[in-house]
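target.cif (mmCIF, C-alpha atoms; chains and numbers go by the auth columns)
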```
data_structure
#
loop_
_atom_site.group_PDB
_atom_site.id
_atom_site.type_symbol
_atom_site.label_atom_id
_atom_site.label_comp_id
_atom_site.label_asym_id
_atom_site.label_seq_id
_atom_site.Cartn_x
_atom_site.Cartn_y
_atom_site.Cartn_z
_atom_site.B_iso_or_equiv
_atom_site.auth_seq_id
_atom_site.auth_asym_id
ATOM 1 C CA MET A 1 -5.728 7.162 6.806 0.00 226 F
ATOM 2 C CA LEU A 2 -7.484 3.967 7.659 0.00 227 F
ATOM 3 C CA GLY A 3 -5.077 2.757 10.322 0.00 228 F
ATOM 4 C CA CYS A 4 -5.758 5.530 12.825 0.00 229 F
ATOM 5 C CA LEU A 5 -9.480 4.976 13.432 0.00 230 F
ATOM 6 C CA PRO A 6 -10.702 3.585 16.777 0.00 231 F
ATOM 7 C CA LEU A 7 -12.606 0.297 16.803 0.00 232 F
ATOM 8 C CA ILE A 8 -15.861 -0.889 18.283 0.00 233 F
ATOM 9 C CA VAL A 9 -15.946 -4.631 18.821 0.00 234 F
ATOM 10 C CA HIS A 10 -19.240 -6.171 19.894 0.00 235 F
ATOM 11 C CA SER A 11 -18.841 -8.895 22.475 0.00 236 F
ATOM 12 C CA THR A 12 -21.645 -11.180 21.236 0.00 237 F
ATOM 13 C CA MET A 13 -19.215 -13.694 19.775 0.00 238 F
ATOM 14 C CA MET A 14 -16.415 -13.181 22.280 0.00 239 F
ATOM 15 C CA ALA A 15 -17.925 -15.124 25.161 0.00 240 F
ATOM 16 C CA SER A 16 -17.054 -18.558 23.837 0.00 241 F
ATOM 17 C CA LYS A 17 -13.509 -19.722 23.211 0.00 242 F
ATOM 18 C CA HIS A 18 -12.795 -21.833 20.165 0.00 243 F
ATOM 19 C CA GLU A 19 -10.544 -24.725 21.143 0.00 244 F
ATOM 20 C CA ASP A 20 -10.279 -25.946 17.540 0.00 245 F
ATOM 21 C CA ASP A 21 -8.363 -22.869 16.349 0.00 246 F
ATOM 22 C CA PRO A 22 -5.362 -21.866 18.510 0.00 247 F
ATOM 23 C CA ASN A 23 -4.997 -18.602 16.524 0.00 248 F
ATOM 24 C CA GLU A 24 -8.516 -17.539 17.488 0.00 249 F
ATOM 25 C CA PRO A 25 -8.501 -14.324 19.584 0.00 250 F
ATOM 26 C CA VAL A 26 -9.796 -14.842 23.123 0.00 251 F
ATOM 27 C CA ASN A 27 -11.074 -11.363 24.000 0.00 252 F
ATOM 28 C CA GLU A 28 -12.040 -7.998 22.526 0.00 253 F
ATOM 29 C CA GLN A 29 -8.562 -6.535 22.938 0.00 254 F
ATOM 30 C CA ALA A 30 -6.991 -9.477 21.111 0.00 255 F
ATOM 31 C CA VAL A 31 -9.482 -9.042 18.262 0.00 256 F
ATOM 32 C CA ALA A 32 -8.771 -5.309 18.125 0.00 257 F
ATOM 33 C CA ASN A 33 -5.013 -5.973 18.080 0.00 258 F
ATOM 34 C CA LYS A 34 -5.368 -8.580 15.338 0.00 259 F
ATOM 35 C CA TYR A 35 -7.548 -6.214 13.301 0.00 260 F
ATOM 36 C CA ALA A 36 -5.084 -3.340 13.731 0.00 261 F
ATOM 37 C CA ALA A 37 -2.199 -5.601 12.695 0.00 262 F
ATOM 38 C CA MET A 38 -4.086 -6.707 9.587 0.00 263 F
ATOM 39 C CA ARG A 39 -4.871 -3.088 8.676 0.00 264 F
ATOM 40 C CA SER A 40 -1.209 -2.232 9.164 0.00 265 F
ATOM 41 C CA GLU A 41 -0.190 -5.076 6.828 0.00 266 F
ATOM 42 C CA LEU A 42 -2.723 -3.812 4.283 0.00 267 F
ATOM 43 C CA ASN A 43 -1.217 -0.325 4.430 0.00 268 F
ATOM 44 C CA GLN A 44 2.290 -1.782 4.028 0.00 269 F
ATOM 45 C CA ILE A 45 1.187 -3.678 0.924 0.00 270 F
ATOM 46 C CA TYR A 46 -0.358 -0.483 -0.500 0.00 271 F
ATOM 47 C CA SER A 47 2.890 1.387 0.159 0.00 272 F
ATOM 48 C CA LYS A 48 5.043 -1.293 -1.464 0.00 273 F
ATOM 49 C CA ILE A 49 2.793 -1.429 -4.537 0.00 274 F
ATOM 50 C CA THR A 50 3.003 2.348 -4.889 0.00 275 F
ATOM 51 C CA GLU A 51 6.790 2.277 -4.519 0.00 276 F
ATOM 52 C CA LEU A 52 7.199 -0.474 -7.122 0.00 277 F
ATOM 53 C CA GLU A 53 4.788 1.223 -9.541 0.00 278 F
ATOM 54 C CA MET A 54 6.904 4.371 -9.324 0.00 279 F
ATOM 55 C CA GLU A 55 10.025 2.325 -10.043 0.00 280 F
ATOM 56 C CA ALA A 56 8.346 0.601 -13.028 0.00 281 F
ATOM 57 C CA SER A 57 7.314 4.021 -14.292 0.00 282 F
ATOM 58 C CA GLU A 58 10.938 5.191 -14.063 0.00 283 F
ATOM 59 C CA HIS A 59 12.011 2.113 -16.041 0.00 284 F
ATOM 60 C CA SER A 60 9.455 3.007 -18.723 0.00 285 F
ATOM 61 C CA LEU A 61 10.838 6.541 -18.913 0.00 286 F
ATOM 62 C CA VAL A 62 14.369 5.199 -19.382 0.00 287 F
ATOM 63 C CA ILE A 63 13.209 2.739 -22.050 0.00 288 F
ATOM 64 C CA ASN A 64 11.342 5.464 -23.938 0.00 289 F
ATOM 65 C CA ALA A 65 14.366 7.758 -23.731 0.00 290 F
ATOM 66 C CA ILE A 66 17.026 5.323 -24.992 0.00 291 F
ATOM 67 C CA GLU A 67 15.077 3.101 -27.398 0.00 292 F
ATOM 68 C CA PRO A 68 15.197 5.521 -30.350 0.00 293 F
ATOM 69 C CA LEU A 69 18.935 6.095 -29.905 0.00 294 F
ATOM 70 C CA GLU A 70 21.682 4.293 -31.793 0.00 295 F
ATOM 71 C CA PRO A 71 22.382 0.865 -30.173 0.00 296 F
ATOM 72 C CA SER A 72 26.155 1.359 -30.205 0.00 297 F
ATOM 73 C CA ARG A 73 25.910 4.624 -28.245 0.00 298 F
ATOM 74 C CA ARG A 74 27.473 4.627 -24.778 0.00 299 F
ATOM 75 C CA CYS A 75 25.266 4.917 -21.725 0.00 300 F
ATOM 76 C CA TYR A 76 25.738 4.528 -17.990 0.00 301 F
ATOM 77 C CA ARG A 77 23.886 2.208 -15.671 0.00 302 F
ATOM 78 C CA MET A 78 23.863 2.030 -11.893 0.00 303 F
ATOM 79 C CA ILE A 79 24.438 -1.544 -10.718 0.00 304 F
ATOM 80 C CA GLY A 80 24.543 -2.079 -6.987 0.00 305 F
ATOM 81 C CA GLY A 81 25.622 1.498 -6.320 0.00 306 F
ATOM 82 C CA VAL A 82 28.371 1.387 -8.966 0.00 307 F
ATOM 83 C CA LEU A 83 28.059 3.356 -12.192 0.00 308 F
ATOM 84 C CA VAL A 84 29.161 1.242 -15.162 0.00 309 F
ATOM 85 C CA GLU A 85 29.606 2.184 -18.792 0.00 310 F
ATOM 86 C CA ARG A 86 27.758 0.033 -21.329 0.00 311 F
ATOM 87 C CA THR A 87 26.149 0.415 -24.729 0.00 312 F
ATOM 88 C CA ILE A 88 22.438 0.924 -25.248 0.00 313 F
ATOM 89 C CA LYS A 89 22.334 -2.493 -26.941 0.00 314 F
ATOM 90 C CA GLU A 90 23.532 -4.104 -23.673 0.00 315 F
ATOM 91 C CA VAL A 91 21.476 -2.009 -21.281 0.00 316 F
ATOM 92 C CA LEU A 92 18.068 -1.965 -22.980 0.00 317 F
ATOM 93 C CA PRO A 93 17.294 -5.708 -22.584 0.00 318 F
ATOM 94 C CA ALA A 94 18.281 -5.574 -18.903 0.00 319 F
ATOM 95 C CA VAL A 95 16.021 -2.586 -18.274 0.00 320 F
ATOM 96 C CA HIS A 96 13.157 -4.403 -20.038 0.00 321 F
ATOM 97 C CA ARG A 97 13.740 -7.508 -17.870 0.00 322 F
ATOM 98 C CA ASN A 98 13.815 -5.424 -14.692 0.00 323 F
ATOM 99 C CA LYS A 99 10.560 -3.678 -15.649 0.00 324 F
ATOM 100 C CA GLU A 100 8.867 -7.019 -16.388 0.00 325 F
ATOM 101 C CA GLY A 101 10.078 -8.355 -13.034 0.00 326 F
ATOM 102 C CA LEU A 102 8.671 -5.315 -11.254 0.00 327 F
ATOM 103 C CA GLU A 103 5.324 -5.736 -13.009 0.00 328 F
ATOM 104 C CA GLU A 104 5.252 -9.401 -11.965 0.00 329 F
ATOM 105 C CA VAL A 105 5.918 -8.498 -8.329 0.00 330 F
ATOM 106 C CA ILE A 106 3.247 -5.780 -8.485 0.00 331 F
ATOM 107 C CA ALA A 107 0.739 -8.349 -9.790 0.00 332 F
ATOM 108 C CA ARG A 108 1.580 -10.731 -6.912 0.00 333 F
ATOM 109 C CA LEU A 109 1.267 -7.907 -4.381 0.00 334 F
ATOM 110 C CA ASN A 110 -2.118 -6.959 -5.840 0.00 335 F
ATOM 111 C CA GLU A 111 -3.249 -10.574 -5.326 0.00 336 F
ATOM 112 C CA ALA A 112 -1.973 -10.456 -1.741 0.00 337 F
ATOM 113 C CA LEU A 113 -3.764 -7.133 -1.282 0.00 338 F
ATOM 114 C CA GLU A 114 -7.079 -8.600 -2.430 0.00 339 F
ATOM 115 C CA LYS A 115 -6.622 -11.612 -0.133 0.00 340 F
ATOM 116 C CA LYS A 116 -5.810 -9.343 2.818 0.00 341 F
ATOM 117 C CA LYS A 117 -8.887 -7.189 2.079 0.00 342 F
ATOM 118 C CA LYS A 118 -11.017 -10.344 2.028 0.00 343 F
ATOM 119 C CA ASP A 119 -9.502 -11.541 5.326 0.00 344 F
ATOM 120 C CA ILE A 120 -10.171 -8.162 6.934 0.00 345 F
ATOM 121 C CA ALA A 121 -13.760 -8.161 5.655 0.00 346 F
ATOM 122 C CA GLU A 122 -14.266 -11.662 7.098 0.00 347 F
ATOM 123 C CA LEU A 123 -12.869 -10.541 10.453 0.00 348 F
ATOM 124 C CA GLU A 124 -15.123 -7.464 10.413 0.00 349 F
ATOM 125 C CA THR A 125 -18.152 -9.631 9.681 0.00 350 F
ATOM 126 C CA LYS A 126 -17.280 -12.367 12.167 0.00 351 F
ATOM 127 C CA TYR A 127 -16.694 -10.010 15.087 0.00 352 F
ATOM 128 C CA LYS A 128 -19.069 -7.253 13.935 0.00 353 F
ATOM 129 C CA ILE A 129 -16.286 -4.686 13.875 0.00 354 F
ATOM 130 C CA ARG A 130 -17.379 -1.121 13.216 0.00 355 F
ATOM 131 C CA ILE A 131 -15.059 1.818 12.630 0.00 356 F
ATOM 132 C CA ARG A 132 -15.976 4.859 14.685 0.00 357 F
ATOM 133 C CA LYS A 133 -14.992 8.312 13.508 0.00 358 F
ATOM 134 C CA THR A 134 -13.256 10.507 16.053 0.00 359 F
ATOM 135 C CA ASP A 135 -14.599 13.945 16.975 0.00 360 F
ATOM 136 C CA GLY A 136 -11.724 15.654 15.147 0.00 361 F
ATOM 137 C CA GLU A 137 -12.730 14.204 11.796 0.00 362 F
ATOM 138 C CA MET A 138 -15.088 15.918 9.417 0.00 363 F
ATOM 139 C CA LYS A 139 -18.684 14.649 9.547 0.00 364 F
ATOM 140 C CA ASP A 140 -19.217 15.330 5.831 0.00 365 F
ATOM 141 C CA ASP A 141 -17.792 12.444 3.795 0.00 366 F
ATOM 142 C CA GLY A 142 -17.725 14.544 0.630 0.00 367 F
ATOM 143 C CA SER A 143 -15.163 16.945 2.072 0.00 368 F
ATOM 144 C CA GLU A 144 -11.362 16.649 1.963 0.00 369 F
ATOM 145 C CA LYS A 145 -10.103 13.207 2.857 0.00 370 F
ATOM 146 C CA GLY A 146 -6.656 12.630 4.267 0.00 371 F
ATOM 147 C CA GLY A 147 -5.699 16.267 3.982 0.00 372 F
ATOM 148 C CA SER A 148 -4.493 18.490 6.731 0.00 373 F
ATOM 149 C CA SER A 149 -7.182 20.259 8.724 0.00 374 F
ATOM 150 C CA GLN A 150 -4.898 23.185 9.493 0.00 375 F
ATOM 151 C CA GLY A 151 -5.536 26.399 7.658 0.00 376 F
ATOM 152 C CA VAL A 152 -5.548 30.140 7.868 0.00 377 F
ATOM 153 C CA LEU A 153 -7.996 31.777 10.212 0.00 378 F
ATOM 154 C CA VAL A 154 -9.683 34.674 8.449 0.00 379 F
ATOM 155 C CA GLY A 155 -11.708 37.210 10.351 0.00 380 F
ATOM 156 C CA PRO A 156 -14.665 39.203 9.097 0.00 381 F
ATOM 157 C CA ALA A 157 -13.996 41.479 6.146 0.00 382 F
ATOM 158 C CA SER A 158 -14.078 44.904 7.728 0.00 383 F
ATOM 159 C CA GLY A 159 -12.429 48.135 6.651 0.00 384 F
ATOM 160 C CA SER A 160 -11.210 49.153 10.115 0.00 385 F
ATOM 161 C CA GLU A 161 -8.580 47.392 12.154 0.00 386 F
#
```

Using structure tokens, write down the structure from this file.
Amino acid sequence: MLGCLPLIVHSTMMASKHEDDPNEPVNEQAVANKYAAMRSELNQIYSKITELEMEASEHSLVINAIEPLEPSRRCYRMIGGVLVERTIKEVLPAVHRNKEGLEEVIARLNEALEKKKKDIAELETKYKIRIRKTDGEMKDDGSEKGGSSQGVLVGPASGSE
């Protein structure tokens, strides 16, 4: 994950305070904290987009399942934790509206995600932030990413034990 990497912040631009911007970090630790908070927000946006995409996918499955059925057929819908009986004719438009609303929110979150990425890139450039890999991480970038490094220890293949 991106949020767990240590930071290197060069102090070339840290020596002078900027009086014109009260939100301007005053030292390396403040910059590192601001950067970590921004990365955390970025990860939260990613998580929310993923969650909403899954929900939109579930809406699509429901639509595909009930659309070919007879409109007067009974179906059940969960509304605020209460299961209500309706007809497909009543439920289908509501499910379509909900799916469209989810897709609209996903689009807005994607815009926010791009803006946050741009803000992070600007902060990285302004303060010359570099991400340092820890010793526990693999040096080869082509290997597994994000996976667990635990495994089974296998000894030499010998016939005698």

For CA of Ile288 in chain F and CA of Gln269 in chain F, the interatomic separation in Å (one decimal):
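We find that CA of Ile288 in chain F and CA of Gln269 in chain F lie 28.6 Å from each other.
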
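Minimum atom-to-atom distances from F:Glu325, F:Pro293, F:Ala262, F:Gly305 to Glu280 in chain F were compared using all atoms listed in the file, and the lowest value belongs to F:Glu325.
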
Can you work out which one of F:Thr359, F:Asn268, F:Thr312, F:Asn248 has the shortest atom-to-atom distance to Ala337 in chain F, counting all atoms listed in the file?
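Closest to Ala337 in chain F, using all atoms listed in the file: F:Asn268.
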
Find the smallest box with edges along x, y and z containing every listed atom of range 254-258 of chain F, then add 6 Å on each side and report centre and edge lengths in Å to one decimal, as lines of an AutoDock Vina configuration file.
```
center_x = -7.2
center_y = -7.4
center_z = 20.5
size_x = 16.5
size_y = 16.2
size_z = 16.9
```

Please identify all polymer residues within 12 Å of range 297-301 of chain F, counting all atoms listed in the file, omitting same-chain residues fewer than 6 positions from it, and present them as a list of chain:residue names.
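The neighbour list is F:Val287, F:Ala290, F:Ile291, F:Val307, F:Leu308, F:Val309, F:Glu310, F:Arg311, F:Thr312, F:Ile313, F:Lys314, F:Glu315, F:Val316, F:Leu317.
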
Give as a PDB file with C-alpha atoms, keeping the file's coordinate frame the residues that the PyMOL selection byres ((chain F and resi 260) around 10) matches when applied to the coordinates above.
```
ATOM      1  CA  GLY F 228      -5.077   2.757  10.322  1.00  0.00           C
ATOM      2  CA  LEU F 232     -12.606   0.297  16.803  1.00  0.00           C
ATOM      3  CA  GLN F 254      -8.562  -6.535  22.938  1.00  0.00           C
ATOM      4  CA  ALA F 255      -6.991  -9.477  21.111  1.00  0.00           C
ATOM      5  CA  VAL F 256      -9.482  -9.042  18.262  1.00  0.00           C
ATOM      6  CA  ALA F 257      -8.771  -5.309  18.125  1.00  0.00           C
ATOM      7  CA  ASN F 258      -5.013  -5.973  18.080  1.00  0.00           C
ATOM      8  CA  LYS F 259      -5.368  -8.580  15.338  1.00  0.00           C
ATOM      9  CA  ALA F 261      -5.084  -3.340  13.731  1.00  0.00           C
ATOM     10  CA  ALA F 262      -2.199  -5.601  12.695  1.00  0.00           C
ATOM     11  CA  MET F 263      -4.086  -6.707   9.587  1.00  0.00           C
ATOM     12  CA  ARG F 264      -4.871  -3.088   8.676  1.00  0.00           C
ATOM     13  CA  SER F 265      -1.209  -2.232   9.164  1.00  0.00           C
ATOM     14  CA  GLU F 266      -0.190  -5.076   6.828  1.00  0.00           C
ATOM     15  CA  ASP F 344      -9.502 -11.541   5.326  1.00  0.00           C
ATOM     16  CA  ILE F 345     -10.171  -8.162   6.934  1.00  0.00           C
ATOM     17  CA  LEU F 348     -12.869 -10.541  10.453  1.00  0.00           C
ATOM     18  CA  GLU F 349     -15.123  -7.464  10.413  1.00  0.00           C
ATOM     19  CA  ILE F 354     -16.286  -4.686  13.875  1.00  0.00           C
TER      20      ILE F 354
END
```

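Take CA of Leu327 in chain F and CA of Lys342 in chain F: the distance between them is 22.1 Å.
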
Any idea what the distance is between CA of Ala281 in chain F and CA of Leu338 in chain F?
18.6 Å

Looking at all atoms listed in the file, which of F:Val251, F:Val320, F:Met303, F:Ala346 is the one that sits closest to Ser282 in chain F?
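Looking only at the distances to Ser282 in chain F, the closest residue turns out to be F:Val320.
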
Using all atoms listed in the file, which protein or nucleic acid residues come within 10 Å of range 270-278 of chain F? Drop anything in the same chain fewer than 6 positions from it, and give the result as a count of residues only.
14

Could you tell me which of F:Arg302, F:His321, F:Lys351, F:Lys358 comes closest to Pro250 in chain F if we count only C-alpha atoms?
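With only C-alpha atoms as the atom set, the closest residue is F:Lys351.
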